[in-house]
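Trainee: This is protein-v1.csv (CSV, N, CA and C atoms and all ligand atoms).
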chain,number,residue,atom,x,y,z
N,1,MET,N,54.1,98.3,93.6
N,1,MET,CA,54.1,97.1,92.8
N,1,MET,C,52.6,96.8,92.5
N,2,PHE,N,52.4,95.8,91.6
N,2,PHE,CA,51.1,95.5,91.1
N,2,PHE,C,50.6,94.1,91.6
N,3,CYS,N,49.3,93.9,91.8
N,3,CYS,CA,48.8,92.6,92.2
N,3,CYS,C,48.9,91.7,91.0
N,4,VAL,N,49.3,90.5,91.3
N,4,VAL,CA,49.4,89.4,90.3
N,4,VAL,C,48.0,89.0,89.8
N,5,LYS,N,47.1,89.0,90.7
N,5,LYS,CA,45.7,88.5,90.4
N,5,LYS,C,44.9,89.5,89.6
N,6,CYS,N,44.8,90.7,90.2
N,6,CYS,CA,43.8,91.7,89.5
N,6,CYS,C,44.6,92.8,88.9
N,7,GLY,N,45.8,93.0,89.1
N,7,GLY,CA,46.6,94.0,88.4
N,7,GLY,C,46.5,95.4,89.1
N,8,GLY,N,45.8,95.4,90.3
N,8,GLY,CA,45.7,96.6,91.0
N,8,GLY,C,47.0,97.0,91.7
N,9,VAL,N,47.1,98.3,92.0
N,9,VAL,CA,48.3,98.8,92.7
N,9,VAL,C,48.3,98.4,94.1
N,10,VAL,N,49.4,97.8,94.6
N,10,VAL,CA,49.5,97.4,96.0
N,10,VAL,C,50.6,98.3,96.6
N,11,ASP,N,50.2,98.9,97.7
N,11,ASP,CA,51.2,99.8,98.4
N,11,ASP,C,52.4,99.0,99.0
N,12,ARG,N,53.5,99.6,99.0
N,12,ARG,CA,54.7,98.9,99.6
N,12,ARG,C,54.4,98.7,101.1
N,13,GLY,N,54.8,97.6,101.6
N,13,GLY,CA,54.6,97.3,103.0
N,13,GLY,C,53.3,96.5,103.2
N,14,LEU,N,52.4,96.5,102.2
N,14,LEU,CA,51.2,95.7,102.4
N,14,LEU,C,51.4,94.3,101.8
N,15,ASN,N,51.0,93.3,102.6
N,15,ASN,CA,51.1,91.9,102.2
N,15,ASN,C,50.0,91.4,101.4
N,16,PHE,N,48.9,92.2,101.3
N,16,PHE,CA,47.7,91.8,100.6
N,16,PHE,C,47.2,92.9,99.7
N,17,CYS,N,46.7,92.4,98.5
N,17,CYS,CA,46.1,93.4,97.6
N,17,CYS,C,44.8,94.0,98.2
N,18,GLY,N,44.7,95.3,98.2
N,18,GLY,CA,43.6,96.0,98.8
N,18,GLY,C,42.3,95.8,98.0
N,19,ALA,N,42.4,95.5,96.7
N,19,ALA,CA,41.3,95.3,95.9
N,19,ALA,C,40.7,93.9,96.0
N,20,CYS,N,41.5,92.9,95.9
N,20,CYS,CA,41.0,91.5,95.8
N,20,CYS,C,41.5,90.6,97.0
N,21,GLY,N,42.4,91.1,97.8
N,21,GLY,CA,42.8,90.3,98.9
N,21,GLY,C,43.9,89.3,98.6
N,22,GLN,N,44.4,89.3,97.4
N,22,GLN,CA,45.4,88.3,97.0
N,22,GLN,C,46.7,88.6,97.8
N,23,PRO,N,47.3,87.6,98.4
N,23,PRO,CA,48.6,87.8,99.1
N,23,PRO,C,49.7,88.2,98.1
N,24,VAL,N,50.4,89.3,98.5
N,24,VAL,CA,51.4,89.7,97.6
N,24,VAL,C,52.8,89.3,98.1
N,25,SER,N,53.6,88.6,97.3
N,25,SER,CA,54.8,88.1,97.8
N,25,SER,C,55.9,89.1,97.7
N,26,VAL,N,55.8,90.1,98.6
N,26,VAL,CA,56.9,91.2,98.6
N,26,VAL,C,58.2,90.7,99.2
N,27,PRO,N,58.1,90.0,100.4
N,27,PRO,CA,59.4,89.6,101.0
N,27,PRO,C,60.3,88.6,100.2
N,28,SER,N,59.6,87.8,99.4
N,28,SER,CA,60.4,86.7,98.7
N,28,SER,C,61.4,87.3,97.7
N,29,PRO,N,61.1,88.3,96.8
N,29,PRO,CA,62.1,88.8,95.9
N,29,PRO,C,63.3,89.4,96.7
N,30,GLN,N,63.0,90.1,97.8
N,30,GLN,CA,64.0,90.7,98.6
N,30,GLN,C,65.0,89.6,99.2
N,31,ALA,N,64.3,88.5,99.7
N,31,ALA,CA,65.1,87.4,100.2
N,31,ALA,C,66.0,86.8,99.1
N,32,HIS,N,65.5,86.8,97.9
N,32,HIS,CA,66.3,86.2,96.8
N,32,HIS,C,67.4,87.2,96.4
N,33,GLU,N,67.2,88.5,96.6
N,33,GLU,CA,68.3,89.4,96.3
N,33,GLU,C,69.4,89.3,97.3
N,34,VAL,N,69.0,89.2,98.6
N,34,VAL,CA,70.0,89.2,99.7
N,34,VAL,C,70.9,88.0,99.6
N,35,ALA,N,70.3,86.8,99.3
N,35,ALA,CA,71.1,85.6,99.4
N,35,ALA,C,72.2,85.6,98.4
N,36,PRO,N,72.0,85.9,97.1
N,36,PRO,CA,73.2,85.9,96.2
N,36,PRO,C,74.3,86.9,96.5
N,37,ILE,N,73.9,88.0,97.0
N,37,ILE,CA,74.9,89.1,97.4
N,37,ILE,C,75.8,88.5,98.5
N,38,GLN,N,75.2,87.9,99.5
N,38,GLN,CA,76.0,87.3,100.5
N,38,GLN,C,76.9,86.2,100.0
N,39,ALA,N,76.3,85.4,99.1
N,39,ALA,CA,77.0,84.3,98.5
N,39,ALA,C,78.2,84.8,97.7
N,40,ILE,N,78.0,85.9,97.0
N,40,ILE,CA,79.1,86.5,96.2
N,40,ILE,C,80.2,87.1,97.1
N,41,ASN,N,79.7,87.9,98.1
N,41,ASN,CA,80.6,88.6,99.0
N,41,ASN,C,81.6,87.7,99.8
N,42,TYR,N,81.1,86.6,100.3
N,42,TYR,CA,81.9,85.8,101.2
N,42,TYR,C,83.1,85.2,100.4
N,43,PRO,N,82.9,84.6,99.3
N,43,PRO,CA,84.0,84.0,98.6
N,43,PRO,C,85.0,85.0,98.0
N,44,SER,N,84.4,86.1,97.5
N,44,SER,CA,85.2,87.1,96.8
N,44,SER,C,86.0,88.0,97.8
N,45,SER,N,85.5,88.2,99.0
N,45,SER,CA,86.2,89.0,100.0
N,45,SER,C,87.5,88.4,100.4
N,46,ALA,N,87.5,87.1,100.5
N,46,ALA,CA,88.7,86.4,100.9
N,46,ALA,C,89.8,86.5,99.9
N,47,PRO,N,89.6,86.0,98.6
N,47,PRO,CA,90.7,86.0,97.6
N,47,PRO,C,91.1,87.4,97.1
N,48,VAL,N,90.2,88.4,97.2
N,48,VAL,CA,90.5,89.7,96.5
N,48,VAL,C,91.6,90.4,97.2
N,49,PRO,N,91.6,90.6,98.6
N,49,PRO,CA,92.7,91.3,99.2
N,49,PRO,C,94.1,90.8,98.8
N,50,PRO,N,94.4,89.5,98.9
N,50,PRO,CA,95.7,89.0,98.6
N,50,PRO,C,96.1,89.3,97.1
N,51,SER,N,95.1,89.2,96.2
N,51,SER,CA,95.4,89.4,94.8
N,51,SER,C,95.7,90.9,94.5
N,52,THR,N,94.8,91.8,95.2
N,52,THR,CA,95.0,93.2,95.0
N,52,THR,C,96.3,93.7,95.6
N,53,ARG,N,96.7,93.0,96.7
N,53,ARG,CA,97.9,93.3,97.4
N,53,ARG,C,99.1,92.9,96.6
N,54,SER,N,99.0,91.7,95.9
N,54,SER,CA,100.1,91.2,95.2
N,54,SER,C,100.4,92.0,93.9
N,55,VAL,N,99.3,92.6,93.4
N,55,VAL,CA,99.5,93.3,92.1
N,55,VAL,C,100.5,94.4,92.1
N,56,PRO,N,100.4,95.3,93.1
N,56,PRO,CA,101.4,96.4,93.1
N,56,PRO,C,102.8,95.9,93.5
N,57,TYR,N,102.9,94.8,94.2
N,57,TYR,CA,104.3,94.3,94.6
N,57,TYR,C,104.9,93.4,93.5
N,58,ASP,N,104.1,92.7,92.8
N,58,ASP,CA,104.6,91.7,91.9
N,58,ASP,C,105.0,92.1,90.5
N,59,PRO,N,104.5,93.3,90.0
N,59,PRO,CA,104.7,93.5,88.5
N,59,PRO,C,106.2,93.3,88.1
N,60,PRO,N,106.5,92.4,87.2
N,60,PRO,CA,107.9,92.2,86.8
N,60,PRO,C,108.4,93.5,86.1
N,61,GLN,N,109.6,93.9,86.4
N,61,GLN,CA,110.2,95.0,85.8
N,61,GLN,C,111.0,94.6,84.6
N,62,VAL,N,111.0,95.4,83.6
N,62,VAL,CA,111.8,95.1,82.4
N,62,VAL,C,113.3,95.3,82.8
N,63,SER,N,114.1,94.4,82.6
N,63,SER,CA,115.5,94.4,82.9
N,63,SER,C,116.2,95.6,82.2
N,64,GLY,N,116.8,96.5,83.0
N,64,GLY,CA,117.5,97.6,82.5
N,64,GLY,C,118.7,97.2,81.6
N,65,MET,N,119.2,96.0,82.0
N,65,MET,CA,120.3,95.5,81.2
N,65,MET,C,119.9,95.1,79.8
N,66,ALA,N,118.6,94.6,79.7
N,66,ALA,CA,118.1,94.3,78.4
N,66,ALA,C,118.0,95.5,77.5
N,67,ILE,N,117.5,96.6,78.1
N,67,ILE,CA,117.4,97.9,77.4
N,67,ILE,C,118.7,98.4,77.0
N,68,ALA,N,119.7,98.3,78.0
N,68,ALA,CA,121.0,98.8,77.7
N,68,ALA,C,121.7,98.0,76.5
N,69,ALA,N,121.4,96.7,76.5
N,69,ALA,CA,121.9,95.8,75.5
N,69,ALA,C,121.3,96.2,74.1
N,70,LEU,N,120.0,96.5,74.1
N,70,LEU,CA,119.3,96.9,72.9
N,70,LEU,C,119.9,98.2,72.3
N,71,VAL,N,120.1,99.2,73.2
N,71,VAL,CA,120.6,100.5,72.8
N,71,VAL,C,122.1,100.3,72.3
N,72,SER,N,122.9,99.7,73.1
N,72,SER,CA,124.3,99.5,72.7
N,72,SER,C,124.5,98.6,71.5
N,73,GLY,N,123.5,97.7,71.4
N,73,GLY,CA,123.6,96.8,70.2
N,73,GLY,C,123.4,97.5,68.9
N,74,ILE,N,122.6,98.6,69.0
N,74,ILE,CA,122.4,99.4,67.8
N,74,ILE,C,123.7,100.1,67.3
N,75,PHE,N,124.5,100.5,68.3
N,75,PHE,CA,125.7,101.2,68.0
N,75,PHE,C,127.0,100.3,67.9
N,76,ILE,N,127.2,99.5,69.0
N,76,ILE,CA,128.3,98.6,69.0
N,76,ILE,C,127.9,97.2,69.2
N,77,GLY,N,127.9,96.4,68.1
N,77,GLY,CA,127.4,95.1,68.1
N,77,GLY,C,127.9,94.2,69.2
N,78,VAL,N,129.2,94.2,69.4
N,78,VAL,CA,129.9,93.3,70.4
N,78,VAL,C,129.3,93.6,71.8
N,79,VAL,N,129.2,94.9,72.1
N,79,VAL,CA,128.7,95.2,73.5
N,79,VAL,C,127.3,94.8,73.6
N,80,GLY,N,126.5,94.9,72.6
N,80,GLY,CA,125.1,94.5,72.6
N,80,GLY,C,124.9,93.1,72.8
N,81,ILE,N,125.8,92.2,72.2
N,81,ILE,CA,125.7,90.8,72.4
N,81,ILE,C,126.1,90.4,73.8
N,82,ILE,N,127.1,91.0,74.3
N,82,ILE,CA,127.6,90.7,75.7
N,82,ILE,C,126.5,91.1,76.7
N,83,LEU,N,126.0,92.4,76.6
N,83,LEU,CA,125.0,92.9,77.5
N,83,LEU,C,123.7,92.1,77.4
N,84,GLY,N,123.4,91.6,76.1
N,84,GLY,CA,122.2,90.8,75.9
N,84,GLY,C,122.2,89.5,76.6
N,85,PHE,N,123.4,88.9,76.6
N,85,PHE,CA,123.5,87.6,77.3
N,85,PHE,C,123.5,87.8,78.8
N,86,ILE,N,124.1,88.9,79.3
N,86,ILE,CA,124.1,89.3,80.7
N,86,ILE,C,122.6,89.5,81.2
N,87,ALA,N,121.9,90.2,80.3
N,87,ALA,CA,120.5,90.5,80.6
N,87,ALA,C,119.7,89.2,80.7
N,88,LYS,N,119.9,88.3,79.7
N,88,LYS,CA,119.1,87.1,79.7
N,88,LYS,C,119.4,86.2,81.0
N,89,ASN,N,120.7,86.3,81.4
N,89,ASN,CA,121.1,85.6,82.6
N,89,ASN,C,120.4,86.2,83.8
N,90,GLU,N,120.4,87.5,83.9
N,90,GLU,CA,119.8,88.3,85.0
N,90,GLU,C,118.3,88.0,85.1
N,91,ILE,N,117.7,87.9,83.9
N,91,ILE,CA,116.2,87.7,83.9
N,91,ILE,C,115.9,86.3,84.3
N,92,SER,N,116.7,85.3,83.9
N,92,SER,CA,116.4,83.9,84.2
N,92,SER,C,116.7,83.7,85.7
N,93,LYS,N,117.6,84.4,86.3
N,93,LYS,CA,117.9,84.3,87.7
N,93,LYS,C,116.9,85.0,88.6
N,94,SER,N,116.1,86.0,88.0
N,94,SER,CA,115.2,86.8,88.8
N,94,SER,C,113.9,86.1,89.2
N,95,ASN,N,113.7,84.9,88.7
N,95,ASN,CA,112.5,84.1,89.1
N,95,ASN,C,111.2,84.8,88.7
N,96,GLY,N,111.2,85.5,87.5
N,96,GLY,CA,110.0,86.1,87.0
N,96,GLY,C,109.9,87.5,87.5
N,97,LYS,N,110.8,88.0,88.4
N,97,LYS,CA,110.6,89.4,88.8
N,97,LYS,C,111.1,90.4,87.8
N,98,LYS,N,111.9,89.9,86.8
N,98,LYS,CA,112.3,90.8,85.8
N,98,LYS,C,111.9,90.2,84.4
N,99,THR,N,111.4,91.1,83.5
N,99,THR,CA,111.1,90.6,82.2
N,99,THR,C,112.0,91.3,81.2
N,100,GLY,N,111.8,91.0,80.0
N,100,GLY,CA,112.6,91.7,78.9
N,100,GLY,C,113.5,90.6,78.2
N,101,ASP,N,113.2,89.4,78.4
N,101,ASP,CA,113.9,88.3,77.7
N,101,ASP,C,113.8,88.5,76.2
N,102,GLY,N,112.6,88.9,75.8
N,102,GLY,CA,112.4,89.2,74.4
N,102,GLY,C,113.3,90.4,73.9
N,103,ILE,N,113.4,91.4,74.8
N,103,ILE,CA,114.2,92.6,74.4
N,103,ILE,C,115.7,92.2,74.4
N,104,ALA,N,116.1,91.3,75.3
N,104,ALA,CA,117.5,90.9,75.3
N,104,ALA,C,117.8,90.1,74.1
N,105,THR,N,116.8,89.2,73.7
N,105,THR,CA,117.0,88.4,72.5
N,105,THR,C,117.1,89.3,71.3
N,106,ALA,N,116.2,90.3,71.2
N,106,ALA,CA,116.2,91.3,70.1
N,106,ALA,C,117.5,92.0,70.1
N,107,ALA,N,118.0,92.4,71.3
N,107,ALA,CA,119.3,93.1,71.4
N,107,ALA,C,120.4,92.3,70.7
N,108,ILE,N,120.4,91.0,71.1
N,108,ILE,CA,121.5,90.1,70.5
N,108,ILE,C,121.3,90.0,69.0
N,109,VAL,N,120.1,89.8,68.5
N,109,VAL,CA,119.8,89.7,67.1
N,109,VAL,C,120.3,91.0,66.4
N,110,ILE,N,119.9,92.1,66.9
N,110,ILE,CA,120.2,93.4,66.3
N,110,ILE,C,121.7,93.6,66.3
N,111,SER,N,122.4,93.2,67.4
N,111,SER,CA,123.8,93.3,67.5
N,111,SER,C,124.5,92.5,66.4
N,112,ILE,N,124.0,91.2,66.2
N,112,ILE,CA,124.6,90.4,65.2
N,112,ILE,C,124.4,91.0,63.8
N,113,ILE,N,123.1,91.5,63.6
N,113,ILE,CA,122.9,92.1,62.3
N,113,ILE,C,123.8,93.3,62.1
N,114,ASN,N,123.9,94.1,63.1
N,114,ASN,CA,124.7,95.3,63.1
N,114,ASN,C,126.2,94.9,62.8
N,115,MET,N,126.7,93.9,63.4
N,115,MET,CA,128.0,93.4,63.1
N,115,MET,C,128.2,92.9,61.7
N,116,ALA,N,127.1,92.2,61.2
N,116,ALA,CA,127.2,91.6,59.9
N,116,ALA,C,127.2,92.7,58.9
N,117,VAL,N,126.3,93.7,59.1
N,117,VAL,CA,126.3,94.9,58.2
N,117,VAL,C,127.6,95.6,58.2
N,118,GLY,N,128.1,95.8,59.4
N,118,GLY,CA,129.4,96.4,59.5
N,118,GLY,C,130.5,95.7,58.8
N,119,LEU,N,130.4,94.4,58.8
N,119,LEU,CA,131.4,93.5,58.2
N,119,LEU,C,131.3,93.6,56.7
N,120,LEU,N,130.0,93.6,56.2
N,120,LEU,CA,129.8,93.7,54.7
N,120,LEU,C,130.3,95.1,54.2
N,121,LEU,N,130.0,96.2,55.0
N,121,LEU,CA,130.4,97.5,54.6
N,121,LEU,C,132.0,97.6,54.6
N,122,ALA,N,132.6,96.9,55.6
N,122,ALA,CA,134.0,96.9,55.6
N,122,ALA,C,134.7,96.1,54.4
N,123,LEU,N,134.0,95.1,54.0
N,123,LEU,CA,134.5,94.3,52.9
N,123,LEU,C,134.3,95.0,51.6
N,124,ASP,N,133.2,95.8,51.5
N,124,ASP,CA,132.9,96.4,50.2
N,124,ASP,C,133.9,97.4,49.7
B,201,ZN,ZN,44.4,92.2,93.6
Can the structure from this file be put into structure tokens for me?
Ligand SMILES: [Zn+2]
Mentor:
Amino acid sequence: MFCVKCGGVVDRGLNFCGACGQPVSVPSPQAHEVAPIQAINYPSSAPVPPSTRSVPYDPPQVSGMAIAALVSGIFIGVVGIILGFIAKNEISKSNGKKTGDGIATAAIVISIINMAVGLLLALD
């Protein structure tokens, strides 16, 4: 590092500049570096393990019933509507462990459209 006063090179480990005798504040930046690291480590070490633990256990799974409703709704409208409502019921009962409410809703909508189109084609 360099002396603040004269700009001369100061060897590591020396507390005074060899050229002018100016005290070199080597330990103070180190003390500043250590303090924030400890301050960051202590609070982060406590909340991180539970959150990293909860991530692999908690991810909500898309309800298979919702997907089944979507697929069957494309082919047989009535089945899609029934399965769609079963899926929505299953998802709401799961307490957030299952997702796919949007898929179930889409399945019901597609099923209704499918039935409406089928009806129009039948009438035509
Ligand atoms: Zn100096």
Trainee: Calculated over all atoms listed in the file, which of the candidates N:Leu70, N:Met1, N:Ile76, N:Cys20 has the smallest distance to ligand ZN 201 (chain B)?
Mentor: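 Smallest distance to ligand ZN 201 (chain B) is found for N:Cys20.
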Trainee: Leaving out N:Ile110 and any residue of its chain fewer than 2 positions from it, which residues lie within 8 Å of it when counting only C-alpha atoms, given as an NGL selection string?
Mentor: :N and (70 or 73-74 or 77 or 106-108 or 112-114)
Trainee: What is the atom ZN of ligand ZN 201 (chain B)-atom CA of N:Phe2 distance in Å, reported with one decimal?
Mentor: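 These two atoms are separated by 7.9 Å.
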Trainee: Closest to N:Leu83 among N:Gly96, N:Gly18, N:Ala69, N:Leu120, using only N, CA and C atoms?
Mentor: N:Ala69
Trainee: Give one line per residue of chain N that approaches ligand ZN 201 (chain B) to at most 8 Å, naming the two atoms of the closest pair and their distance in Å to one decimal, counting only C-alpha atoms and all ligand atoms; sort by chain then ascending residue number and deliver it as a Markdown table.
Mentor:
| residue | atom | partner | partner_atom | distance |
| --- | --- | --- | --- | --- |
| N:Phe2 | CA | B:ZN201 | ZN | 7.9 |
| N:Cys3 | CA | B:ZN201 | ZN | 4.6 |
| N:Val4 | CA | B:ZN201 | ZN | 6.6 |
| N:Lys5 | CA | B:ZN201 | ZN | 5.1 |
| N:Cys6 | CA | B:ZN201 | ZN | 4.2 |
| N:Gly7 | CA | B:ZN201 | ZN | 5.9 |
| N:Gly8 | CA | B:ZN201 | ZN | 5.3 |
| N:Val9 | CA | B:ZN201 | ZN | 7.7 |
| N:Val10 | CA | B:ZN201 | ZN | 7.7 |
| N:Phe16 | CA | B:ZN201 | ZN | 7.7 |
| N:Cys17 | CA | B:ZN201 | ZN | 4.5 |
| N:Gly18 | CA | B:ZN201 | ZN | 6.5 |
| N:Ala19 | CA | B:ZN201 | ZN | 5.0 |
| N:Cys20 | CA | B:ZN201 | ZN | 4.1 |
| N:Gly21 | CA | B:ZN201 | ZN | 5.9 |
| N:Gln22 | CA | B:ZN201 | ZN | 5.3 |
Trainee: Select, from N:Ser63, N:Val24, N:Ala68, N:Val117, the residue with the minimum atom-to-atom distance to N:Gly80, counting all atoms listed in the file.
Mentor: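 Of all the options, N:Ala68 lies closest to N:Gly80.
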